[in-house]
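Here's the structure, in structure tokens; my notes come after.
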Amino acid sequence: VQLQASGGGLVQPGGSLRLSCAASGVIFSINYMGWYRQAPGKERELVATIRRGGSTNYADSVKGRFTISSNNLRNNVNLQMNSLKPEDTAVYYCNVGSAGMNYWGKGTLVTVSS
């Protein structure tokens, strides 16, 4: 399974970005898809997940600003990020859980700065 993330970049505070992640390869039933992030000098942390059935989970720090969506967990997950703050600056990683396995993408850099 390969995960290709896109959509990162430089944005001013208050701006928006949309991250996308496409999964390819031999993929059995996906149970969940999500996004994590790792800021410089910090540990990787959960941003948002979406599970089969549509239930979602968000980190408190992004609730009300970020929205995760998927094509019914077929092979794509998106993260709409609004009202971005400098503290959202990090490398964002796509994560997929399938058939008991956990897969990670290479990450895409999001920089929020004026």
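Residues in the structure tokens are numbered from 1 in each chain, the chains being A, B, ... in the order shown, and ligands are numbered from 1 in the order shown.
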Which polymer residues have any atom within 8 Å of an atom of Thr49 in chain A, counting only C-alpha atoms, with same-chain residues fewer than 3 positions away left out, as a CSV table (one decimal) with N, CA, C and O atoms, in the first residue's frame?
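Heads up, here's the output in around33.csv:
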chain,number,residue,atom,x,y,z
A,32,TYR,N,-10.0,2.6,8.9
A,32,TYR,CA,-10.0,4.0,9.2
A,32,TYR,C,-8.9,4.7,8.4
A,32,TYR,O,-8.0,4.1,7.9
A,33,MET,N,-9.1,6.0,8.2
A,33,MET,CA,-8.1,6.9,7.6
A,33,MET,C,-7.9,8.1,8.5
A,33,MET,O,-8.9,8.5,9.1
A,34,GLY,N,-6.8,8.7,8.4
A,34,GLY,CA,-6.6,9.9,9.3
A,34,GLY,C,-5.4,10.7,8.9
A,34,GLY,O,-4.6,10.4,8.0
A,35,TRP,N,-5.2,11.7,9.7
A,35,TRP,CA,-4.1,12.6,9.6
A,35,TRP,C,-3.4,12.8,10.9
A,35,TRP,O,-4.1,13.0,11.9
A,46,LEU,N,-2.1,13.1,16.8
A,46,LEU,CA,-3.3,12.9,16.1
A,46,LEU,C,-3.9,14.3,15.7
A,46,LEU,O,-3.9,15.2,16.5
A,56,THR,N,-16.1,10.5,13.1
A,56,THR,CA,-14.8,11.3,13.1
A,56,THR,C,-14.3,11.6,14.5
A,56,THR,O,-15.1,11.6,15.5
A,57,ASN,N,-13.1,11.9,14.5
A,57,ASN,CA,-12.4,12.3,15.8
A,57,ASN,C,-11.4,13.3,15.5
A,57,ASN,O,-10.7,13.2,14.5
A,58,TYR,N,-11.4,14.4,16.3
A,58,TYR,CA,-10.5,15.5,16.1
A,58,TYR,C,-9.7,15.8,17.4
A,58,TYR,O,-10.2,15.7,18.5
A,68,ILE,N,-12.3,16.5,8.3
A,68,ILE,CA,-11.8,15.4,7.6
A,68,ILE,C,-13.0,14.8,6.8
A,68,ILE,O,-14.1,14.8,7.2
Q. Which one is closest to Val77 in chain A: A:Arg18, A:Arg44, A:Arg37, A:Lys106? Count only C-alpha atoms.
A. A:Arg18
Q. Neighbours of Cys94 in chain A within 12 Å (only C-alpha atoms; same-chain residues fewer than 6 positions away dropped), as JSON, numbers by chain?
A. {"A": [2, 3, 4, 5, 6, 7, 8, 19, 20, 21, 22, 23, 32, 33, 34, 35, 36, 37, 38, 44, 45, 46, 47, 48, 49, 50, 68, 75, 76, 77, 78, 79, 102, 103, 104, 105, 106, 107, 108, 109]}
Q) Of the candidates A:Tyr92, A:Gly53, A:Ser70, A:Asn31, which one gets nearest to Gly9 in chain A if we count only C-alpha atoms? A) A:Tyr92
Q: Figure out the distance between CA of Leu10 in chain A and CA of Asp60 in chain A, please, to one decimal in Å.
A: 23.0 Å
Q. Looking at only C-alpha atoms, which of A:Gly97, A:Glu87, A:Thr67, A:Val110 is the one that sits closest to Arg51 in chain A?
A. A:Gly97
(Q) Here is a test: counting only C-alpha atoms, which residue of A:Phe28, A:Ser69, A:Gly64, A:Asn82 is nearest to Ala99 in chain A? (A) A:Phe28
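One finds CA of Val96 in chain A at 12.5 Å from CA of Gly25 in chain A.
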(Q) Rounded to one decimal, what separation in Å do you get between CA of Phe66 in chain A and CA of Gly14 in chain A? (A)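 Separating CA of Phe66 in chain A from CA of Gly14 in chain A is a distance of 12.3 Å.
Minimum atom-to-atom distances from A:Leu17, A:Ala39, A:Val26, A:Val11 to Val112 in chain A were compared using only C-alpha atoms, and the lowest value belongs to A:Val11.
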Q: Identify, with DSSP run on backbone atoms, the residues in range 48-110 of chain A assigned to strand (DSSP E or B), and express the list as a ChimeraX atom specification.
A: /A:48-51,56-58,66-70,76-81,90-98,101-104,108-110
Could those selected residues go to a file with N, CA, C and O atoms, as a tab-separated table (two decimals), in the first residue's frame?
chain	number	residue	atom	x	y	z
A	48	ALA	N	-6.83	14.19	13.07
A	48	ALA	CA	-8.21	13.79	12.83
A	48	ALA	C	-8.25	12.40	12.22
A	48	ALA	O	-7.33	12.01	11.50
A	49	THR	N	-9.30	11.65	12.53
A	49	THR	CA	-9.52	10.36	11.92
A	49	THR	C	-10.97	10.22	11.49
A	49	THR	O	-11.86	10.88	12.04
A	50	ILE	N	-11.19	9.35	10.53
A	50	ILE	CA	-12.53	9.00	10.10
A	50	ILE	C	-12.59	7.49	9.97
A	50	ILE	O	-11.68	6.87	9.42
A	51	ARG	N	-13.65	6.91	10.52
A	51	ARG	CA	-13.78	5.47	10.57
A	51	ARG	C	-14.93	4.98	9.71
A	51	ARG	O	-15.81	5.76	9.30
A	56	THR	N	-16.08	10.50	13.15
A	56	THR	CA	-14.85	11.27	13.08
A	56	THR	C	-14.35	11.62	14.48
A	56	THR	O	-15.12	11.63	15.45
A	57	ASN	N	-13.07	11.90	14.55
A	57	ASN	CA	-12.44	12.27	15.81
A	57	ASN	C	-11.41	13.35	15.51
A	57	ASN	O	-10.67	13.24	14.53
A	58	TYR	N	-11.40	14.40	16.33
A	58	TYR	CA	-10.48	15.51	16.12
A	58	TYR	C	-9.70	15.83	17.38
A	58	TYR	O	-10.22	15.70	18.49
A	66	PHE	N	-10.83	22.36	11.40
A	66	PHE	CA	-10.45	21.34	10.43
A	66	PHE	C	-11.62	20.39	10.20
A	66	PHE	O	-12.38	20.09	11.12
A	67	THR	N	-11.72	19.88	8.97
A	67	THR	CA	-12.75	18.90	8.65
A	67	THR	C	-12.12	17.77	7.83
A	67	THR	O	-11.49	18.02	6.80
A	68	ILE	N	-12.32	16.54	8.31
A	68	ILE	CA	-11.82	15.38	7.59
A	68	ILE	C	-12.95	14.77	6.79
A	68	ILE	O	-14.11	14.76	7.23
A	69	SER	N	-12.63	14.28	5.59
A	69	SER	CA	-13.63	13.64	4.75
A	69	SER	C	-12.98	12.54	3.93
A	69	SER	O	-11.75	12.53	3.76
A	70	SER	N	-13.81	11.66	3.42
A	70	SER	CA	-13.29	10.53	2.64
A	70	SER	C	-14.33	10.09	1.64
A	70	SER	O	-15.52	10.37	1.80
A	76	ASN	N	-9.31	7.40	-0.44
A	76	ASN	CA	-8.95	8.80	-0.41
A	76	ASN	C	-9.43	9.44	0.89
A	76	ASN	O	-10.52	9.13	1.38
A	77	VAL	N	-8.59	10.29	1.44
A	77	VAL	CA	-8.98	11.05	2.62
A	77	VAL	C	-8.47	12.48	2.46
A	77	VAL	O	-7.37	12.70	1.95
A	78	ASN	N	-9.31	13.42	2.86
A	78	ASN	CA	-8.97	14.83	2.74
A	78	ASN	C	-9.02	15.51	4.11
A	78	ASN	O	-9.72	15.04	5.01
A	79	LEU	N	-8.30	16.61	4.22
A	79	LEU	CA	-8.35	17.41	5.44
A	79	LEU	C	-8.46	18.87	5.04
A	79	LEU	O	-7.51	19.45	4.50
A	80	GLN	N	-9.63	19.45	5.26
A	80	GLN	CA	-9.84	20.87	5.01
A	80	GLN	C	-9.44	21.63	6.25
A	80	GLN	O	-10.00	21.40	7.32
A	81	MET	N	-8.48	22.52	6.10
A	81	MET	CA	-7.95	23.26	7.25
A	81	MET	C	-8.25	24.74	7.06
A	81	MET	O	-7.76	25.36	6.11
A	90	ALA	N	3.57	22.21	10.70
A	90	ALA	CA	4.05	20.86	10.97
A	90	ALA	C	4.12	20.09	9.66
A	90	ALA	O	3.62	20.55	8.63
A	91	VAL	N	4.73	18.92	9.73
A	91	VAL	CA	4.62	17.96	8.64
A	91	VAL	C	3.39	17.11	8.93
A	91	VAL	O	3.26	16.56	10.03
A	92	TYR	N	2.50	17.03	7.97
A	92	TYR	CA	1.25	16.29	8.12
A	92	TYR	C	1.38	14.95	7.41
A	92	TYR	O	1.77	14.88	6.24
A	93	TYR	N	1.00	13.90	8.14
A	93	TYR	CA	1.12	12.54	7.65
A	93	TYR	C	-0.25	11.90	7.50
A	93	TYR	O	-1.09	11.97	8.41
A	94	CYS	N	-0.43	11.23	6.37
A	94	CYS	CA	-1.63	10.44	6.14
A	94	CYS	C	-1.45	9.07	6.78
A	94	CYS	O	-0.34	8.50	6.73
A	95	ASN	N	-2.51	8.54	7.36
A	95	ASN	CA	-2.46	7.25	8.05
A	95	ASN	C	-3.67	6.42	7.65
A	95	ASN	O	-4.79	6.94	7.61
A	96	VAL	N	-3.43	5.14	7.36
A	96	VAL	CA	-4.52	4.25	6.96
A	96	VAL	C	-4.42	2.95	7.72
A	96	VAL	O	-3.33	2.37	7.82
A	97	GLY	N	-5.54	2.48	8.24
A	97	GLY	CA	-5.60	1.19	8.90
A	97	GLY	C	-6.40	0.23	8.05
A	97	GLY	O	-7.57	0.50	7.74
A	98	SER	N	-5.78	-0.91	7.72
A	98	SER	CA	-6.43	-1.87	6.83
A	98	SER	C	-5.97	-3.28	7.17
A	98	SER	O	-4.76	-3.51	7.22
A	101	MET	N	-3.23	-3.84	9.56
A	101	MET	CA	-1.97	-3.16	9.28
A	101	MET	C	-2.18	-1.66	9.35
A	101	MET	O	-3.26	-1.15	9.10
A	102	ASN	N	-1.09	-0.96	9.68
A	102	ASN	CA	-1.11	0.49	9.81
A	102	ASN	C	-0.11	1.07	8.81
A	102	ASN	O	1.06	0.71	8.85
A	103	TYR	N	-0.57	1.94	7.92
A	103	TYR	CA	0.28	2.48	6.87
A	103	TYR	C	0.42	3.98	7.02
A	103	TYR	O	-0.53	4.68	7.42
A	104	TRP	N	1.63	4.48	6.66
A	104	TRP	CA	1.92	5.90	6.75
A	104	TRP	C	2.40	6.45	5.42
A	104	TRP	O	3.17	5.79	4.72
A	108	THR	N	3.50	15.80	4.25
A	108	THR	CA	3.50	17.04	3.47
A	108	THR	C	3.62	18.21	4.45
A	108	THR	O	2.95	18.22	5.49
A	109	LEU	N	4.46	19.16	4.13
A	109	LEU	CA	4.77	20.26	5.04
A	109	LEU	C	3.74	21.37	4.92
A	109	LEU	O	3.45	21.85	3.82
A	110	VAL	N	3.21	21.78	6.06
A	110	VAL	CA	2.32	22.93	6.14
A	110	VAL	C	3.01	24.00	7.00
A	110	VAL	O	3.39	23.72	8.14
